[in-house]
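Novice: What follows is my_file-v7.txt; its format and atoms are compact mmCIF, C-alpha atoms and all ligand atoms.
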# COMPACT_ATOMS: atom_id res chain seq x y z
CA MET A 9 -7.95 -0.06 18.02
CA LYS A 10 -5.35 -1.10 15.46
CA ARG A 11 -2.33 1.17 15.11
CA ILE A 12 -1.46 1.69 11.46
CA ALA A 13 1.76 2.80 9.76
CA VAL A 14 1.69 3.90 6.12
CA LEU A 15 4.85 3.56 4.01
CA ALA A 16 4.89 5.76 0.91
CA SER A 17 7.52 6.92 -1.56
CA GLY A 18 5.67 9.52 -3.53
CA TYR A 19 2.60 11.61 -4.05
CA GLY A 20 0.53 9.95 -1.37
CA SER A 21 -2.93 10.10 -2.93
CA ASN A 22 -3.71 6.71 -1.39
CA LEU A 23 -2.50 7.94 2.00
CA GLU A 24 -4.83 10.91 1.61
CA ALA A 25 -7.76 8.65 0.72
CA ILE A 26 -7.04 6.46 3.77
CA LEU A 27 -6.87 9.48 6.08
CA GLU A 28 -10.09 10.87 4.65
CA ALA A 29 -11.83 7.52 5.14
CA GLN A 30 -10.51 7.46 8.71
CA SER A 31 -11.88 10.92 9.43
CA ARG A 32 -15.28 9.89 8.01
CA GLY A 33 -15.25 7.03 10.52
CA GLU A 34 -14.90 4.37 7.83
CA ILE A 35 -11.65 3.01 9.24
CA SER A 36 -11.70 1.98 12.87
CA GLY A 37 -7.89 1.84 13.14
CA LYS A 38 -5.69 4.90 13.37
CA VAL A 39 -2.75 5.97 11.21
CA VAL A 40 -0.11 6.98 13.75
CA LEU A 41 3.04 6.97 11.61
CA VAL A 42 3.99 7.69 7.99
CA ILE A 43 7.43 6.60 6.79
CA SER A 44 9.09 7.40 3.48
CA ASP A 45 12.34 6.49 1.74
CA GLN A 46 12.15 9.79 -0.19
CA GLU A 47 12.91 13.01 1.63
CA ASN A 48 10.65 15.13 -0.55
CA ALA A 49 7.72 12.73 -0.75
CA LYS A 50 4.45 14.66 -0.79
CA ALA A 51 3.12 11.88 1.45
CA LEU A 52 5.30 13.20 4.32
CA GLU A 53 3.85 16.66 3.88
CA ARG A 54 0.32 15.25 3.96
CA ALA A 55 1.08 13.46 7.25
CA HIS A 56 2.62 16.59 8.74
CA ARG A 57 -0.40 18.70 7.77
CA ARG A 58 -2.63 16.31 9.69
CA GLY A 59 -0.40 16.17 12.75
CA ILE A 60 0.65 12.57 12.14
CA ARG A 61 4.21 11.59 13.05
CA LYS A 62 6.32 11.39 9.88
CA LEU A 63 9.70 9.84 9.40
CA TYR A 64 12.14 9.88 6.50
CA LEU A 65 14.55 6.92 6.38
CA ASP A 66 17.32 7.56 3.88
CA PRO A 67 18.33 4.32 2.10
CA ASP A 68 21.83 5.73 1.51
CA SER A 69 22.48 5.80 5.25
CA TYR A 70 22.34 2.00 5.51
CA ASN A 71 24.80 -0.59 4.21
CA SER A 72 22.26 -3.12 3.03
CA ARG A 73 18.54 -3.64 2.48
CA GLU A 74 18.55 -5.87 5.58
CA GLU A 75 19.96 -3.06 7.69
CA TYR A 76 17.42 -0.60 6.31
CA ASP A 77 14.53 -2.95 6.99
CA SER A 78 15.75 -3.69 10.48
CA LYS A 79 15.65 0.05 11.26
CA LEU A 80 12.18 0.14 9.71
CA ALA A 81 11.09 -2.75 11.95
CA ASP A 82 12.51 -1.00 15.03
CA GLU A 83 10.51 2.14 14.28
CA LEU A 84 7.32 0.15 13.72
CA ASN A 85 7.82 -1.87 16.90
CA LYS A 86 8.48 1.27 18.94
CA GLU A 87 5.09 2.60 17.82
CA GLU A 88 3.44 -0.79 18.49
CA ILE A 89 2.16 -0.96 14.94
CA ASP A 90 -0.46 -3.63 14.19
CA LEU A 91 -0.77 -3.03 10.45
CA VAL A 92 1.73 -1.83 7.84
CA VAL A 93 0.11 -0.29 4.76
CA LEU A 94 2.24 0.13 1.66
CA ALA A 95 0.88 3.01 -0.41
CA GLY A 96 3.18 3.54 -3.37
CA PHE A 97 6.23 2.37 -1.37
CA MET A 98 8.67 1.56 -4.13
CA ARG A 99 11.11 -0.68 -2.24
CA LEU A 100 11.06 -4.44 -2.11
CA LEU A 101 10.98 -5.50 1.54
CA THR A 102 13.43 -8.17 2.69
CA PRO A 103 12.20 -11.68 3.64
CA GLY A 104 13.31 -11.08 7.25
CA PHE A 105 11.12 -7.99 7.52
CA VAL A 106 8.14 -9.63 5.83
CA GLY A 107 8.54 -12.67 8.09
CA SER A 108 8.40 -10.57 11.22
CA PHE A 109 5.21 -8.80 10.08
CA SER A 110 3.65 -11.85 8.45
CA LEU A 111 0.07 -11.19 7.26
CA LYS A 112 0.28 -7.69 8.74
CA ILE A 113 1.48 -5.90 5.61
CA LEU A 114 -0.92 -4.79 2.87
CA ASN A 115 -0.04 -3.46 -0.56
CA ILE A 116 -2.02 -1.91 -3.38
CA HIS A 117 -0.95 -2.51 -6.95
CA PRO A 118 -2.40 -0.83 -10.07
CA SER A 119 -3.09 -3.97 -12.11
CA LEU A 120 -5.07 -7.16 -11.92
CA LEU A 121 -2.38 -9.36 -10.40
CA PRO A 122 -0.76 -11.69 -11.31
CA SER A 123 -0.64 -9.64 -14.52
CA PHE A 124 1.86 -6.79 -14.70
CA PRO A 125 3.61 -6.89 -11.32
CA GLY A 126 6.49 -4.59 -10.39
CA THR A 127 6.86 -0.98 -11.33
CA ASP A 128 4.80 0.72 -14.05
CA GLY A 129 1.89 -1.71 -13.81
CA ILE A 130 -0.41 0.73 -15.61
CA GLU A 131 2.07 1.45 -18.40
CA GLN A 132 2.76 -2.28 -18.86
CA ALA A 133 -0.97 -3.06 -19.18
CA TYR A 134 -1.55 -0.16 -21.56
CA ALA A 135 1.40 -1.17 -23.75
CA TYR A 136 0.21 -4.80 -23.81
CA GLY A 137 -3.14 -3.59 -25.08
CA VAL A 138 -5.36 -5.32 -22.51
CA LYS A 139 -9.05 -4.40 -22.51
CA LEU A 140 -9.40 -4.90 -18.78
CA SER A 141 -7.12 -3.42 -16.19
CA GLY A 142 -7.72 -2.63 -12.53
CA CYS A 143 -6.12 -2.78 -9.13
CA THR A 144 -5.38 -5.32 -6.43
CA VAL A 145 -5.04 -5.11 -2.66
CA HIS A 146 -3.00 -8.02 -1.32
CA PHE A 147 -1.01 -9.24 1.66
CA VAL A 148 2.71 -8.87 1.14
CA ASP A 149 4.86 -12.01 1.04
CA GLU A 150 8.57 -12.47 0.31
CA ALA A 151 8.31 -12.05 -3.45
CA LEU A 152 7.19 -9.15 -5.62
CA ASP A 153 3.41 -8.59 -5.72
CA THR A 154 2.63 -12.27 -5.13
CA GLY A 155 0.88 -12.39 -1.74
CA PRO A 156 -2.73 -13.52 -1.17
CA VAL A 157 -5.27 -11.27 -2.89
CA ILE A 158 -7.70 -9.47 -0.57
CA LEU A 159 -9.73 -7.31 -2.97
CA GLN A 160 -9.54 -6.72 -6.69
CA GLU A 161 -11.55 -4.53 -9.00
CA SER A 162 -11.43 -4.26 -12.77
CA VAL A 163 -11.28 -1.05 -14.80
CA PRO A 164 -12.01 -1.33 -18.53
CA VAL A 165 -9.47 0.26 -20.85
CA ILE A 166 -11.27 2.69 -23.15
CA GLN A 167 -10.13 2.50 -26.76
CA GLU A 168 -9.18 6.15 -27.21
CA GLU A 169 -7.71 6.85 -23.81
CA THR A 170 -4.19 7.78 -22.76
CA ILE A 171 -2.06 6.30 -19.99
CA ALA A 172 -2.85 9.43 -17.96
CA THR A 173 -6.62 8.95 -18.08
CA LEU A 174 -6.33 5.23 -17.41
CA LYS A 175 -4.13 5.99 -14.40
CA GLN A 176 -6.65 8.50 -13.11
CA ARG A 177 -9.48 6.00 -13.37
CA ILE A 178 -7.50 3.16 -11.77
CA GLN A 179 -6.39 5.38 -8.91
CA ALA A 180 -9.94 6.53 -8.26
CA VAL A 181 -10.80 2.87 -7.71
CA GLU A 182 -7.71 2.39 -5.51
CA HIS A 183 -8.82 5.26 -3.29
CA ARG A 184 -12.15 3.55 -2.69
CA LEU A 185 -10.85 -0.04 -2.42
CA TYR A 186 -7.86 0.40 -0.08
CA PRO A 187 -9.83 1.85 2.85
CA ILE A 188 -12.31 -1.04 2.54
CA ALA A 189 -9.50 -3.63 2.76
CA ILE A 190 -7.90 -1.78 5.67
CA GLU A 191 -11.18 -1.71 7.57
CA LEU A 192 -11.67 -5.45 6.95
CA PHE A 193 -8.23 -6.01 8.50
CA CYS A 194 -8.97 -3.68 11.42
CA ARG A 195 -12.15 -5.61 12.18
CA ASP A 196 -10.31 -8.97 12.01
CA LYS A 197 -12.42 -10.05 9.06
CA LEU A 198 -9.61 -11.38 6.87
CA GLN A 199 -8.55 -15.02 7.07
CA THR A 200 -6.10 -16.74 4.78
CA ARG A 201 -5.89 -20.41 3.95
CA GLY A 202 -2.88 -20.85 1.73
CA ARG A 203 -3.17 -18.37 -1.10
CA ARG A 204 -6.88 -17.80 -0.63
CA CYS A 205 -8.07 -14.90 1.47
CA TYR A 206 -11.58 -15.15 2.94
CA ILE A 207 -13.74 -12.33 4.24
CA VAL A 208 -15.48 -13.65 7.34
CA ASP A 209 -18.30 -12.33 9.54
C1 LIG B 1 -0.50 3.79 -6.76
O1 LIG B 1 -1.17 3.80 -7.98
C2 LIG B 1 -0.08 2.39 -6.39
O2 LIG B 1 -0.97 1.42 -6.86
C3 LIG B 1 1.25 2.28 -7.07
O3 LIG B 1 1.85 3.52 -6.89
C4 LIG B 1 0.85 4.53 -6.88
C5 LIG B 1 1.12 5.45 -5.71
O4 LIG B 1 0.31 6.59 -5.79
N1 LIG B 1 2.02 1.22 -6.51
C6 LIG B 1 2.80 0.42 -7.21
O5 LIG B 1 2.96 0.52 -8.41
C7 LIG B 1 3.50 -0.66 -6.39
N2 LIG B 1 4.13 -1.61 -7.24
P1 LIG B 1 0.11 7.56 -4.54
O6 LIG B 1 1.51 7.90 -4.01
O7 LIG B 1 -0.56 8.77 -5.10
O8 LIG B 1 -0.71 6.83 -3.51
In structure tokens, what does this structure look like?
Specialist:
Amino acid sequence: MKRIAVLASGYGSNLEAILEAQSRGEISGKVVLVISDQENAKALERAHRRGIRKLYLDPDSYNSREEYDSKLADELNKEEIDLVVLAGFMRLLTPGFVGSFSLKILNIHPSLLPSFPGTDGIEQAYAYGVKLSGCTVHFVDEALDTGPVILQESVPVIQEETIATLKQRIQAVEHRLYPIAIELFCRDKLQTRGRRCYIVD
């Protein structure tokens, strides 16, 4: 059974969706640790409520991003983590960290990458006026939102809608898609060749 750590900075609706999928038996791995860089992240509360070990790592207590990520790696290694799931974790991980967990870190992003990477993906797409938005689950590499794409699903932008309703609809898709990608990883069904990610039997 794969041991999973979820890293989250905020509300944690994706964390919740993952934990619900796990309790329905749709994820064969187990979330054993939730880490946040924000002391008051709702995600930490959600972990606590379910009896999952939670950890707050304060970025201000470290002299550099490298130092922070090395502490992060220590904590993950101590728990023998097989898969790191970024769920609204709003820090760019250092190349050293990504290198030591190569092809073991997943991220979800609320746009059809490579369009609108970075923060505010939904707002960027809305402001651009695209007719098709969506979300992407991908492996994390050294750069921002550029790793091999695992799953992607489109969400049409409705003419009269607001950013809030678009966000709601994109996140509803995220909550369904992320557990599927995580389960594919847990069952060793993901293989990458260069940038292309294949789902194998
Ligand atoms: C999600 O929509 C996720 O795609 C986005 O943050 C939100 C977190 O929501 N991530 C990014 O924008 C990463 N660049 P949650 O805390 O409710 O899961």
Novice: Residues within 12 Å of Arg201 in chain A, please, as a compact mmCIF listing (two decimals) with C-alpha atoms, in the frame of the given file. Count all atoms listed in the file; anything in the same chain fewer than 3 positions from it doesn't count.
Specialist:
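Writing done, so here's part-v5.txt:
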# COMPACT_ATOMS: atom_id res chain seq x y z
CA LEU A 111 0.07 -11.19 7.26
CA GLY A 155 0.88 -12.39 -1.74
CA PRO A 156 -2.73 -13.52 -1.17
CA VAL A 157 -5.27 -11.27 -2.89
CA ILE A 158 -7.70 -9.47 -0.57
CA LEU A 198 -9.61 -11.38 6.87
CA ARG A 204 -6.88 -17.80 -0.63
CA CYS A 205 -8.07 -14.90 1.47
CA TYR A 206 -11.58 -15.15 2.94
CA ILE A 207 -13.74 -12.33 4.24
Novice: Choose the residue, out of A:Leu80, A:Glu168, A:Gly129, A:Ile190, that has the smallest atom-to-atom separation from Val39 in chain A; count only C-alpha atoms.
Specialist: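 Selected residue with least distance to Val39 in chain A: A:Ile190.
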Novice: Any idea what's packed within 6 Å of range 95-106 of chain A, counting all atoms listed in the file, ignoring anything in its chain fewer than 5 positions away? Could you give it as a count of residues only?
Specialist: 5
Novice: Which protein, DNA or RNA residues have an atom within 6 Å of ligand LIG 1 (chain B), counting all atoms listed in the file, as an MDAnalysis selection string?
Specialist: chainID A and resid 18:23 95:96 116:118 126:129 179
Novice: Hey, can you check how far CA of Glu34 in chain A sits from CA of Ser119 in chain A?
Specialist: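 Between CA of Glu34 in chain A and CA of Ser119 in chain A the gap is 24.6 Å.
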Novice: Which residues are near Gln30 in chain A? Cut-off 12 Å, only C-alpha atoms, ignore same chain within fewer than 5 positions. Put them as number ranges by chain.
Specialist: A: 12, 23-25, 35-40, 58, 186-188, 190-191, 194
Novice: When you count all atoms listed in the file, which of these residues is closest to Ile26 in chain A: A:Leu192, A:Leu185, A:Ala172, A:Val163?
Specialist: A:Leu185
Novice: Pick the closest to Glu87 in chain A from A:Ser69, A:Gln167, A:Ile43, A:Gly142: which is it, counting all atoms listed in the file?
Specialist: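 With all atoms listed in the file as the atom set, the closest residue is A:Ile43.
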Novice: To one decimal place, how far is CA of Phe193 in chain A from CA of Ser78 in chain A in Å?
Specialist: 24.2 Å
Novice: Give me the residues within 12 Å of Glu83 in chain A as a PyMOL selection string, counting all atoms listed in the file and dropping any in the same chain fewer than 4 places off.
Specialist: chain A and resi 13+15+40-43+61-65+76-79+87-89+92
